[in-house]
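Input: a single structure, listed below in structure tokens.
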Amino acid sequence: MAATLMRVFTLLLILTLSGCGDDRPEKIAKFQQLAQERVSTLGKMLDNGEIRNANLLKQYSNILEGQKSDLRPLLQELAKDGSSQGPMYLSLQRRLSELGNGNNFVDLDQQLDEAQNLYQAADPSLFNDMLSDPVNVVADMSDGALARVNSISREAAVLANGAEDFGAGSQLVGNPSYGSWQTGSNGMSFWAWYGMYSMFSNMVRGPVYYDRWSSRRNYSYYNDVGRYRYTSPKQARAQNQTFERTQKQFNSQGKRFSSPYAKSRAGSTSLSRQSASVPKSSSVGKASSGSKFRSNYSKNSNFRNSGSRTTRGVRRGK
């Protein structure tokens, strides 16, 4: 009964605001429906093997499992991203559920921006590009036996960006689907992996601290291209709070601290046209937690299967 009354109230509110010349509620409802359809279709495409990088992720994981049995639990977890059970896809479903509740947003502008971003994020071509990060994580774990996709080599990217190699899983650091920034007793923020991904901690020397990662991180699709679409307003606020806290610490020491997203790193190759049209991720989460989560977006992205390609086969060889 309560749910029915809430829907009636929402509909009346939409009609009232529309009658006053405010078309945002109508646009939110429209994009919510479109996003629902896209998320549903994307899930079916993933499970039916119609997303190229999702298939590669499963293949890569299976190949490496046979070579490095000690990493089997981690590889099996990474392989889930090639299905509707992976954290990236489940994040879209969660955001879609949250989109229907206006209380999750500071105002209608933020809710509309999220509706549009979610609609774009569920585009199969964009999602295929997003999966290049976990694919390349597995490729790097193969010690060069498996080819990277949509990215230059690990070594070339490190040189091009003057970056530090933080070890296996570096592409996933900063992505809220795999972990989060936590503050230690010393006041410094470090990356904490979720669940089985904590196995990455055994492959690096010590924790990845936010301040060093910010200035020395390498290229990843999420941090340099996809963050704009694959980050909810709540996640963006958390990222911004970590930045502001670290910046305050540096300022108290008379030092400057720049956002890890102040500039994009080089390293992408053969991305889809949809990814090329996405605004720079540095525009995400700039505002304070009480401000609008604004966006500019391409409204005419085609809804099609991924055509992203790699120039090499699954096995690189040596």
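In the structure tokens, each chain is lettered A, B, ... as it comes, each chain's residues begin at 1, and ligands are numbered from 1 in order of appearance.
With only C-alpha atoms taken into account, the protein and nucleic acid residues at most 8 Å from region 176-183 of chain A (excluding it and anything under 3 positions from it in its own chain) are A:Pro87, A:Met88, A:Ser91, A:Leu172, A:Val173, A:Asn186, A:Gly187, A:Met188, A:Ser189, A:Phe190, A:Trp191, A:Ala192, A:Trp193, A:Tyr194, A:Tyr197, A:Tyr210, A:Thr231, A:Gln235, A:Gln239, A:Thr242.
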| Taking the backbone alone, and naming residues the way the document does, which bits of region 69-262 of chain A are helix (DSSP H, G or I) by DSSP, as a ChimeraX atom specification? | /A:69-82,87-99,102-104,108-121,124-130,132-141,154-161,170-172,195-203,210-216,221-224,226-228,233-252
| message | Measuring between only C-alpha atoms, which one of A:Gly82, A:Pro260, A:Leu118, A:Asn104 shows the shortest distance to Asn48 (chain A)? | response |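 Checking each of A:Gly82, A:Pro260, A:Leu118, A:Asn104 against Asn48 (chain A), counting only C-alpha atoms, the winner is A:Gly82.
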| request: Name the residues of region 11-227 of chain A that come out as strand (DSSP E or B) in a backbone DSSP run; write them as a ChimeraX atom specification. | output: /A:146,151,179-183,189-193,209
Okay, now the selection with N, CA, C and O atoms, as an mmCIF file, in the first residue's frame?
data_model
loop_
_atom_site.group_PDB
_atom_site.id
_atom_site.type_symbol
_atom_site.label_atom_id
_atom_site.label_comp_id
_atom_site.auth_asym_id
_atom_site.auth_seq_id
_atom_site.Cartn_x
_atom_site.Cartn_y
_atom_site.Cartn_z
ATOM 1 N N LEU A 146 49.839 -13.465 -22.543
ATOM 2 C CA LEU A 146 48.542 -13.070 -23.086
ATOM 3 C C LEU A 146 48.582 -11.591 -23.462
ATOM 4 O O LEU A 146 49.155 -10.765 -22.728
ATOM 5 N N SER A 151 44.907 -1.144 -25.168
ATOM 6 C CA SER A 151 45.929 -0.457 -24.368
ATOM 7 C C SER A 151 47.319 -0.817 -24.877
ATOM 8 O O SER A 151 47.542 -1.928 -25.362
ATOM 9 N N GLY A 179 37.278 -2.056 -4.630
ATOM 10 C CA GLY A 179 37.845 -1.675 -3.348
ATOM 11 C C GLY A 179 37.486 -0.246 -3.012
ATOM 12 O O GLY A 179 36.652 0.378 -3.682
ATOM 13 N N SER A 180 38.117 0.290 -1.983
ATOM 14 C CA SER A 180 37.830 1.671 -1.578
ATOM 15 C C SER A 180 39.046 2.256 -0.859
ATOM 16 O O SER A 180 39.926 1.524 -0.399
ATOM 17 N N TRP A 181 39.076 3.576 -0.782
ATOM 18 C CA TRP A 181 40.141 4.260 -0.063
ATOM 19 C C TRP A 181 39.794 4.315 1.415
ATOM 20 O O TRP A 181 38.742 4.800 1.796
ATOM 21 N N GLN A 182 40.688 3.798 2.244
ATOM 22 C CA GLN A 182 40.496 3.793 3.691
ATOM 23 C C GLN A 182 41.574 4.645 4.347
ATOM 24 O O GLN A 182 42.665 4.809 3.784
ATOM 25 N N THR A 183 41.263 5.178 5.505
ATOM 26 C CA THR A 183 42.231 6.006 6.226
ATOM 27 C C THR A 183 42.839 5.231 7.381
ATOM 28 O O THR A 183 42.115 4.697 8.231
ATOM 29 N N SER A 189 45.569 7.793 3.522
ATOM 30 C CA SER A 189 44.608 6.939 2.837
ATOM 31 C C SER A 189 45.330 5.877 2.018
ATOM 32 O O SER A 189 46.325 6.162 1.355
ATOM 33 N N PHE A 190 44.816 4.667 2.069
ATOM 34 C CA PHE A 190 45.393 3.553 1.317
ATOM 35 C C PHE A 190 44.267 2.754 0.669
ATOM 36 O O PHE A 190 43.114 2.819 1.094
ATOM 37 N N TRP A 191 44.614 2.003 -0.372
ATOM 38 C CA TRP A 191 43.613 1.231 -1.105
ATOM 39 C C TRP A 191 43.351 -0.104 -0.417
ATOM 40 O O TRP A 191 44.271 -0.873 -0.162
ATOM 41 N N ALA A 192 42.076 -0.370 -0.106
ATOM 42 C CA ALA A 192 41.674 -1.624 0.532
ATOM 43 C C ALA A 192 40.808 -2.415 -0.443
ATOM 44 O O ALA A 192 39.748 -1.943 -0.864
ATOM 45 N N TRP A 193 41.256 -3.603 -0.809
ATOM 46 C CA TRP A 193 40.532 -4.441 -1.754
ATOM 47 C C TRP A 193 39.325 -5.105 -1.104
ATOM 48 O O TRP A 193 39.335 -5.393 0.095
ATOM 49 N N TYR A 209 49.364 3.717 -1.265
ATOM 50 C CA TYR A 209 48.882 4.932 -0.609
ATOM 51 C C TYR A 209 48.360 5.935 -1.638
ATOM 52 O O TYR A 209 48.920 6.079 -2.724
#
| field | Nearest residue to Arg212 (chain A) from the set A:Ala163, A:Leu78, A:Leu90, A:Ala145 (distances using only C-alpha atoms) | value | A:Ala163
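Closest approach to Leu46 (chain A) from the set A:Val106, A:Ala79, A:Ala236, A:Val158 is made by A:Ala79, with distances taken over only C-alpha atoms.
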| message | Need to verify the contact set: Asn136 (chain A), 8 Å, only C-alpha atoms, exclusion of same-chain residues closer than 5 positions in sequence. Can you return it as a count of residues only? | response | 4
| task | Quote the spacing between CA of Lys58 (chain A) and CA of Gln116 (chain A) in Å to one decimal place. | result |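 Taking CA of Lys58 (chain A) as the start and CA of Gln116 (chain A) as the end point, the length is 29.7 Å.
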| task | In Å, rounded to a single decimal, give me how far CA of Asn161 (chain A) is from CA of Ile51 (chain A). | result |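 Going from CA of Ile51 (chain A) over to CA of Asn161 (chain A), I get 29.7 Å.
Residues in contact range of Ile152 (chain A), defined as at most 12 Å between only C-alpha atoms, with sequence neighbours fewer than 5 positions away removed, read Ser132, Asn136, Asp140, Ala147, Ala157, Val158, Leu159, Ala160, Asn161, Asn218, Tyr219, Ser220, Tyr221, Arg265, Ala266, Gly267, Ser268, Thr269, Ser270, Leu271, Thr310, Thr311 and Arg312 of chain A.
Counting only C-alpha atoms, the residue from A:Ala29, A:Ser264, A:Arg205, A:Ser125 that sits nearest to Gly102 (chain A) is A:Ala29.
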| note | The residue from A:Pro73, A:Gly254, A:Gly226, A:Gly174 with the smallest atom-to-atom distance to Ser198 (chain A), counting only C-alpha atoms, is A:Pro73
| Atomic separation - CA of Glu114 (chain A) relative to CA of Gly49 (chain A), Å |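 Those two atoms sit 27.9 Å apart.
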| said: Taking only C-alpha atoms into account, name the residue in A:Asn202, A:Ser97, A:Asn117, A:Ser275 that is nearest to Tyr230 (chain A). | reply: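 Among the listed residues, the smallest separation from Tyr230 (chain A) belongs to A:Asn117.
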